[in-house]
Amino acid sequence: MEDLSRYSTEELQAELARRGQTEREQPVGADWYYLPIEDDESVFIGLVHRRFWHRHHSLRDQHISRLVKLPPGFAEVMESRFEHNGSYEEACRLLEYLGYRPAPIGGGLVVHITEIAGRRMRVDCICDTDEQRAIFDSHSKTRRGFHNEAEYRRWIESLVPGTVLEIYPDRYESGFSACLMNRTLAKSLPPHPEGIRD
């Protein structure tokens with residue numbers, strides 16, 4: 001019989017939670033990313049749904065404790081931000097044990113000013129990688145315009161093969177928001193849980 005005294009209470013409870021799942025179920029944290037938040041006095045961890053992260057590269061400004069299953073020692077202290085009563089290393093280890101993954105860092109927001117359908121437009125686009133962001137910089141040196149949003153989407157996707165540009169349904173008068181990500185990744189993202197939407 002294995003000596004369990006070398007494991008913390010949180011680690012043992014996380015193992016029991018993991019074993020409570022059937023083999024066909026995903027780990028409880030499989031649809032979520034975690035992000036350590038620097039703080040000198042406390043251990044803060046941000047949690048974000050994978051679909052929301054790839055579309056916005058930020059935490060959701062919403063309380064989510066009812067949507068996630070966490071081992072003891074975590075408490076939501078702000079919207080999508082949890083305090084842990086141990087170290088960052090312990091918090092990350094416990095989360096990964098339950099299937100949570102670190103949020104991929106890179107890319108970010110690009111503000112692209114272009115002409116679409118004869119109008120000057122601003123496109124606020126979230127990119128997953130720095131390489132994707134670079135294509136917008138190359139366009140700023142040209143004066144190319146686009147007949148419509150579909151042509152704009154095809155142009156972006158042709159410059160970075162294997163990507164997809166998603167345009168959000170919410171638009172504003174002088175432009176729109178979008179995200180650019182790997183096509184395979186986009187197809188693999190889980191749907192938002194009940195209570196979260198873009």
# chains A, B, ... in the order shown; residues from 1 in each chain; ligands from 1

$ closest_atom_pairs --of "stretch 102-174 of chain A" --to "stretch 31-34 of chain A" --cutoff "9 Å" --atoms "only C-alpha atoms" --output "JSON lines"
{"residue": "A:Pro102", "atom": "CA", "partner": "A:Tyr34", "partner_atom": "CA", "distance": 5.0}
{"residue": "A:Ala103", "atom": "CA", "partner": "A:Tyr33", "partner_atom": "CA", "distance": 4.9}
{"residue": "A:Pro104", "atom": "CA", "partner": "A:Tyr33", "partner_atom": "CA", "distance": 8.4}

$ write_last_selection --atoms "N, CA, C and O atoms" --output "tab-separated table (two decimals), in the first residue's frame"
chain	number	residue	atom	x	y	z
A	102	PRO	N	-2.04	25.88	-18.62
A	102	PRO	CA	-1.63	27.29	-18.61
A	102	PRO	C	-2.09	28.00	-19.89
A	102	PRO	O	-2.08	27.41	-20.97
A	103	ALA	N	-2.51	29.23	-19.76
A	103	ALA	CA	-2.95	30.00	-20.92
A	103	ALA	C	-1.76	30.27	-21.83
A	103	ALA	O	-0.71	30.69	-21.36
A	104	PRO	N	-1.90	29.99	-23.14
A	104	PRO	CA	-0.81	30.28	-24.06
A	104	PRO	C	-0.64	31.80	-24.20
A	104	PRO	O	-1.59	32.51	-24.46

$ select_by_dssp --residues "chain A" --states "strand (DSSP E)" --output "JSON, numbers by chain"
{"A": [32, 33, 34, 35, 36, 37, 43, 44, 45, 46, 47, 48, 49, 74, 75, 76, 77, 78, 81, 82, 83, 84, 101, 102, 108, 109, 110, 111, 112, 113, 114, 115, 116, 119, 120, 121, 122, 123, 124, 125, 126, 127, 145, 146, 163, 164, 165, 166, 167, 168, 169, 170, 171, 172, 175, 176, 177, 178, 179, 180, 181, 182]}

$ closest_residue --among "A:Ser65, A:Asn182, A:Ser138, A:Ser174" --to "A:Ala117" --atoms "only C-alpha atoms"
A:Ser174

$ select_by_dssp --residues "stretch 40-179 of chain A" --states "helix (DSSP H, G or I)" --output "number ranges by chain"
A: 50-56, 65-67, 88-97, 130-139, 149-159

$ residues_around --residues "stretch 161-164 of chain A" --least-positions-apart "2" --cutoff "6 Å" --atoms "only C-alpha atoms" --output "list in words"
Glu157, Ser158, Leu180, Met181, Asn182 and Arg183 of chain A

$ residues_around --residues "A:Asp124" --least-positions-apart "2" --cutoff "12 Å" --atoms "only C-alpha atoms" --output "PDB file with N, CA and C atoms, in the first residue's frame"
ATOM      1  N   ARG A  55     -10.503  34.196 -28.149  1.00  0.00           N
ATOM      2  CA  ARG A  55     -11.207  35.287 -28.810  1.00  0.00           C
ATOM      3  C   ARG A  55     -10.854  36.647 -28.230  1.00  0.00           C
ATOM      4  N   HIS A  56     -10.384  36.693 -26.962  1.00  0.00           N
ATOM      5  CA  HIS A  56     -10.173  37.992 -26.321  1.00  0.00           C
ATOM      6  C   HIS A  56      -8.816  38.170 -25.645  1.00  0.00           C
ATOM      7  N   GLY A 108      -1.879  38.887 -29.267  1.00  0.00           N
ATOM      8  CA  GLY A 108      -2.518  40.015 -28.621  1.00  0.00           C
ATOM      9  C   GLY A 108      -3.294  40.863 -29.608  1.00  0.00           C
ATOM     10  N   LEU A 109      -3.649  42.059 -29.188  1.00  0.00           N
ATOM     11  CA  LEU A 109      -4.506  42.943 -29.979  1.00  0.00           C
ATOM     12  C   LEU A 109      -3.736  43.674 -31.072  1.00  0.00           C
ATOM     13  N   VAL A 110      -4.331  43.725 -32.249  1.00  0.00           N
ATOM     14  CA  VAL A 110      -3.853  44.561 -33.346  1.00  0.00           C
ATOM     15  C   VAL A 110      -5.009  45.473 -33.742  1.00  0.00           C
ATOM     16  N   VAL A 111      -4.738  46.753 -33.874  1.00  0.00           N
ATOM     17  CA  VAL A 111      -5.736  47.684 -34.393  1.00  0.00           C
ATOM     18  C   VAL A 111      -5.354  47.952 -35.842  1.00  0.00           C
ATOM     19  N   HIS A 112      -6.190  47.482 -36.759  1.00  0.00           N
ATOM     20  CA  HIS A 112      -5.898  47.581 -38.184  1.00  0.00           C
ATOM     21  C   HIS A 112      -6.850  48.590 -38.822  1.00  0.00           C
ATOM     22  N   ILE A 113      -6.302  49.642 -39.404  1.00  0.00           N
ATOM     23  CA  ILE A 113      -7.096  50.650 -40.110  1.00  0.00           C
ATOM     24  C   ILE A 113      -6.990  50.343 -41.596  1.00  0.00           C
ATOM     25  N   THR A 114      -8.117  50.123 -42.237  1.00  0.00           N
ATOM     26  CA  THR A 114      -8.135  49.791 -43.660  1.00  0.00           C
ATOM     27  C   THR A 114      -9.409  50.340 -44.285  1.00  0.00           C
ATOM     28  N   MET A 121     -12.224  51.817 -42.163  1.00  0.00           N
ATOM     29  CA  MET A 121     -12.691  50.943 -41.091  1.00  0.00           C
ATOM     30  C   MET A 121     -11.574  50.655 -40.103  1.00  0.00           C
ATOM     31  N   ARG A 122     -11.959  50.450 -38.864  1.00  0.00           N
ATOM     32  CA  ARG A 122     -11.040  50.031 -37.814  1.00  0.00           C
ATOM     33  C   ARG A 122     -11.404  48.595 -37.430  1.00  0.00           C
ATOM     34  N   ILE A 126      -7.839  40.284 -32.331  1.00  0.00           N
ATOM     35  CA  ILE A 126      -7.005  39.522 -31.400  1.00  0.00           C
ATOM     36  C   ILE A 126      -6.327  38.402 -32.186  1.00  0.00           C
ATOM     37  N   CYS A 127      -5.008  38.324 -32.079  1.00  0.00           N
ATOM     38  CA  CYS A 127      -4.226  37.284 -32.753  1.00  0.00           C
ATOM     39  C   CYS A 127      -3.621  36.358 -31.704  1.00  0.00           C
ATOM     40  N   ARG A 133       0.150  38.618 -35.931  1.00  0.00           N
ATOM     41  CA  ARG A 133       0.115  40.078 -35.789  1.00  0.00           C
ATOM     42  C   ARG A 133       0.946  40.762 -36.861  1.00  0.00           C
ATOM     43  N   PHE A 136      -0.501  42.171 -40.268  1.00  0.00           N
ATOM     44  CA  PHE A 136      -1.188  43.456 -40.297  1.00  0.00           C
ATOM     45  C   PHE A 136      -0.186  44.592 -40.480  1.00  0.00           C
ATOM     46  N   LEU A 165     -10.338  33.728 -39.598  1.00  0.00           N
ATOM     47  CA  LEU A 165     -10.674  35.033 -39.030  1.00  0.00           C
ATOM     48  C   LEU A 165     -12.149  35.001 -38.661  1.00  0.00           C
ATOM     49  N   GLU A 166     -12.438  35.156 -37.379  1.00  0.00           N
ATOM     50  CA  GLU A 166     -13.828  35.214 -36.921  1.00  0.00           C
ATOM     51  C   GLU A 166     -14.183  36.668 -36.641  1.00  0.00           C
ATOM     52  N   ILE A 167     -15.280  37.122 -37.223  1.00  0.00           N
ATOM     53  CA  ILE A 167     -15.759  38.485 -36.982  1.00  0.00           C
ATOM     54  C   ILE A 167     -16.899  38.404 -35.985  1.00  0.00           C
ATOM     55  N   TYR A 168     -16.826  39.199 -34.924  1.00  0.00           N
ATOM     56  CA  TYR A 168     -17.853  39.155 -33.887  1.00  0.00           C
ATOM     57  C   TYR A 168     -19.150  39.756 -34.392  1.00  0.00           C
ATOM     58  N   ASP A 170     -21.125  41.722 -32.786  1.00  0.00           N
ATOM     59  CA  ASP A 170     -21.305  43.111 -32.375  1.00  0.00           C
ATOM     60  C   ASP A 170     -20.402  44.017 -33.210  1.00  0.00           C
ATOM     61  N   ARG A 171     -20.980  44.982 -33.856  1.00  0.00           N
ATOM     62  CA  ARG A 171     -20.241  45.899 -34.718  1.00  0.00           C
ATOM     63  C   ARG A 171     -20.467  47.323 -34.244  1.00  0.00           C
ATOM     64  N   TYR A 172     -19.553  48.170 -34.590  1.00  0.00           N
ATOM     65  CA  TYR A 172     -19.762  49.581 -34.344  1.00  0.00           C
ATOM     66  C   TYR A 172     -19.663  50.296 -35.683  1.00  0.00           C
ATOM     67  N   SER A 174     -17.886  52.441 -37.265  1.00  0.00           N
ATOM     68  CA  SER A 174     -16.681  52.619 -38.074  1.00  0.00           C
ATOM     69  C   SER A 174     -15.786  51.382 -38.117  1.00  0.00           C
ATOM     70  N   GLY A 175     -16.299  50.217 -37.737  1.00  0.00           N
ATOM     71  CA  GLY A 175     -15.471  49.015 -37.800  1.00  0.00           C
ATOM     72  C   GLY A 175     -16.080  47.842 -37.081  1.00  0.00           C
ATOM     73  N   PHE A 176     -15.223  46.872 -36.730  1.00  0.00           N
ATOM     74  CA  PHE A 176     -15.709  45.669 -36.063  1.00  0.00           C
ATOM     75  C   PHE A 176     -14.567  45.008 -35.302  1.00  0.00           C
ATOM     76  N   SER A 177     -14.910  44.049 -34.462  1.00  0.00           N
ATOM     77  CA  SER A 177     -13.934  43.268 -33.716  1.00  0.00           C
ATOM     78  C   SER A 177     -13.842  41.874 -34.324  1.00  0.00           C
ATOM     79  N   ALA A 178     -12.663  41.274 -34.207  1.00  0.00           N
ATOM     80  CA  ALA A 178     -12.440  39.957 -34.788  1.00  0.00           C
ATOM     81  C   ALA A 178     -11.338  39.248 -34.027  1.00  0.00           C
ATOM     82  N   CYS A 179     -11.141  37.980 -34.342  1.00  0.00           N
ATOM     83  CA  CYS A 179      -9.998  37.238 -33.803  1.00  0.00           C
ATOM     84  C   CYS A 179      -9.449  36.346 -34.909  1.00  0.00           C
ATOM     85  N   LEU A 180      -8.147  36.120 -34.862  1.00  0.00           N
ATOM     86  CA  LEU A 180      -7.453  35.293 -35.847  1.00  0.00           C
ATOM     87  C   LEU A 180      -6.778  34.164 -35.086  1.00  0.00           C
TER      88      LEU A 180
END

$ closest_residue --among "A:Leu189, A:Leu47, A:Val123, A:Val77" --to "A:Ala91" --atoms "only C-alpha atoms"
A:Leu47

$ atom_distance --atom1 "atom CA of A:Glu115" --atom2 "atom CA of A:Gly145"
4.7 Å

$ closest_residue --among "A:Leu70, A:Arg120, A:Glu83, A:Ile156" --to "A:Gln132" --atoms "only C-alpha atoms"
A:Ile156

$ residues_around --residues "A:Phe82" --least-positions-apart "3" --cutoff "8 Å" --atoms "only C-alpha atoms" --output "ChimeraX atom specification"
/A:44-47,74-78

$ atom_distance --atom1 "atom CA of A:Arg101" --atom2 "atom CA of A:Pro169"
28.4 Å
